[in-house]
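**Student:** First the structure, which I've put down as C-alpha cells, then a few questions once you've had a look.
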Amino acid sequence: MNPTPTPPSSSTPVAVVTGAARGIGLAICRWFLAQDHQVVMLDMNGPELAQAHHALAQDFPSSTTLAIPTDVSSPDQVSRAHERVMHELGRVDALVNNAGVASFAPALDTSFEEWRRIMAVNLDGVFLCSQAFGRSMVQQRRGAVVNIASISGMRASLLRVAYGTSKAAVMHLTRQHAAEWGALGVRVNAICPGPVETAMAKQVHSAAIRRDYHDAIPLGRYGTEEEMAQAVGFLCSEQASFINGQCLGVDGGFDAIGIGLPTFRQSLAG
C-alpha cells in the first residue's frame, strides 16, 4: 500500500525524468530547470547520473535537483524512487519516460533474451513509472506524462524488430493512459523523434548512413537534443492544455514522405 504523501513543501512544480544522465534525458532536465521546476533524475547508471547531477547543480545553483539511481524495469526500484520523491518533494507535476535501450540486428538473429531486455526497459519501464507517478498525479487531479517513443514505432525499418515493436507499444500505451486519465486531470502524450544528434548516433551512424538520413528527411539534417526537450516541455506545459493522447513526430518531416526524395532533390537543385 502506498504511503500517504507528505504535504508539498513548495509550490514549485516537480518534473521526473527517466534516462536522465545523458542525451535527450539530460537536455529535458535542463529545459525544466530553466523553466523553474524542481527536477528528479532517474537513471540506472549511478556514476554517470552523479556526474550529470553535479553538472546541473553547477549550472542551476538555486534550483532543486534530486538524483536517484533507478532501473526502471524493476518494480521495487521504481516504487522506492516514487516513495522518496513524495517524501522529499511532496508532489509530481510531470513525468517524462525517456529511459530506453536499443539493439540493431536482423529479426532472425534477435534472441529472446535481447527481445526481453529491450521490452523490459522500453515498455515495462514506461508502464511501471506511469503506474507509480501517474497515481500521484491522478490523486492531485493535475499533471502531464510524456513518453519518448520513436519514428521506429511509427514505421517499420530494418534491424529494429525489438526496438521498433517496443516503441509502437509505447505509443499505444500512451493512448490507453490518455483515455483513462484525461478525465482525472492528467494528460498523456508522446513524442516520436527521428534521427537525433546524440553521442550514440555519432558513434553508430557511419558517414554513409548519415547521408541516407539527410536525403530522407525533408529538413535535411538530424534533430538536436534541445529540440526534443522543447517538444517535451511544450506538451507538459499549460500551452498544451487541450492536447491529450497524441504521438507527435519530431522528425524533420521524415514520417511524412514517401519514396524518390533524393532524386527529386537533385532535380530541384539542378
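Following the order of the C-alpha cells, chains are lettered A, B, ..., residues in each are numbered from 1, and ligands are numbered from 1.
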Neighbouring residues of stretch 177-189 of chain A were defined as those with any atom within 7 Å, considering only C-alpha atoms; residues of the same chain fewer than 2 positions away were excluded. Please report them as a list in words.
**Tutor:**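 After dropping sequence-adjacent residues, the list is Met137, Val138, Arg141, Arg142, Gly143, Ala144, Val145, Val146, Asn147, Leu173, Thr174, Arg175, Asn244, Gly245, Gln246 and Cys247 of chain A.
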**Student:** Can you pull out every residue within 10 Å of stretch 114-120 of chain A, counting only C-alpha atoms, but drop anything in the same chain fewer than 5 positions away, and send it as a list in words?
**Tutor:**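 In the requested format, the answer is Asp71, Val72, Ser73, Ser74, Gly100, Val101, Ala102, Ser103, Ala107, Asp109, Gly125, Val126, Phe127, Val161, Ala162, Tyr163, Gly164, Thr165, Ser166, Lys167, Ala169 and Val170 of chain A.
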**Student:** Please return, as number ranges by chain, all residues of stretch 135-202 of chain A that DSSP assigns to alpha helix (DSSP H) on the basis of the backbone.
**Tutor:** A: 135-140, 151-154, 161-181, 199-202
**Student:** Would you save the residues from that selection as a short mmCIF file (atom, residue, chain, number, x, y, z; two decimals), in the first residue's frame, using C-alpha atoms?
**Tutor:**
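Resulting contents of result_22.cif:
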data_model
loop_
_atom_site.label_atom_id
_atom_site.label_comp_id
_atom_site.auth_asym_id
_atom_site.auth_seq_id
_atom_site.Cartn_x
_atom_site.Cartn_y
_atom_site.Cartn_z
CA ARG A 135 -1.15 7.53 -9.44
CA SER A 136 0.12 10.56 -7.54
CA MET A 137 -0.85 12.90 -10.36
CA VAL A 138 -4.32 11.37 -10.54
CA GLN A 139 -4.68 11.89 -6.79
CA GLN A 140 -3.62 15.53 -7.27
CA ILE A 151 9.91 7.15 -35.57
CA SER A 152 10.68 3.41 -35.45
CA GLY A 153 7.35 2.90 -33.69
CA MET A 154 5.50 4.74 -36.46
CA VAL A 161 12.39 -5.77 -34.68
CA ALA A 162 12.56 -5.45 -30.89
CA TYR A 163 13.23 -1.72 -30.59
CA GLY A 164 10.58 -0.70 -33.13
CA THR A 165 7.98 -3.03 -31.64
CA SER A 166 8.65 -1.72 -28.14
CA LYS A 167 8.19 1.87 -29.29
CA ALA A 168 4.98 1.05 -31.16
CA ALA A 169 3.68 -0.48 -27.92
CA VAL A 170 4.68 2.68 -26.04
CA MET A 171 2.58 4.71 -28.46
CA HIS A 172 -0.48 2.58 -27.78
CA LEU A 173 0.15 2.63 -24.02
CA THR A 174 0.22 6.42 -24.32
CA ARG A 175 -3.29 6.39 -25.79
CA GLN A 176 -4.56 3.91 -23.19
CA HIS A 177 -3.43 6.10 -20.31
CA ALA A 178 -4.69 9.25 -22.03
CA ALA A 179 -8.12 7.71 -22.45
CA GLU A 180 -8.39 6.83 -18.76
CA TRP A 181 -6.58 9.68 -17.06
CA ALA A 199 26.52 10.68 -28.62
CA MET A 200 25.21 7.21 -29.54
CA ALA A 201 24.18 8.31 -33.03
CA LYS A 202 27.60 9.82 -33.62
#
**Student:** Among stretch 134-166 of chain A, which ones does DSSP place in strand (DSSP E or B), written as a ChimeraX atom specification?
**Tutor:** /A:143-148,160
**Student:** To one decimal place in Å, what is the distance between atom CA of A:Leu248 and atom CA of A:Phe32?
**Tutor:** 19.4 Å
**Student:** Could you check how far atom CA of A:Ser206 sits from atom CA of A:Ala52, in Å to one decimal?
**Tutor:**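 Value for the atom CA of A:Ser206-atom CA of A:Ala52 distance: 27.5 Å.
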**Student:** Need to verify the contact set: A:Gly233, 8 Å, only C-alpha atoms, exclusion of same-chain residues closer than 3 positions in sequence. Can you return it as a list in words?
**Tutor:**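 Counting only the stated atoms, we get Ile28, Trp31, Phe32, Ala229, Gln230, Cys236 and Ser237 of chain A.
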**Student:** Those same residues, written as a PDB file, in the first residue's frame with C-alpha atoms?
**Tutor:**
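Okay, part-v3.pdb is ready:
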ATOM      1  CA  ILE A  28      14.956  17.615 -20.860  1.00  0.00           C
ATOM      2  CA  TRP A  31      14.689  22.554 -20.020  1.00  0.00           C
ATOM      3  CA  PHE A  32      12.667  22.002 -16.866  1.00  0.00           C
ATOM      4  CA  ALA A 229      13.433  18.768 -24.995  1.00  0.00           C
ATOM      5  CA  GLN A 230      11.470  21.764 -26.255  1.00  0.00           C
ATOM      6  CA  CYS A 236       3.997  19.299 -20.359  1.00  0.00           C
ATOM      7  CA  SER A 237       3.083  22.990 -20.298  1.00  0.00           C
TER       8      SER A 237
END
**Student:** Of the candidates A:Ser62, A:Gln131, A:His37, A:Ile68, which shows the shortest atom-to-atom distance to A:Ala20, using only C-alpha atoms?
**Tutor:**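 Between A:Ser62, A:Gln131, A:His37, A:Ile68, the residue approaching A:Ala20 most closely is A:Ile68.
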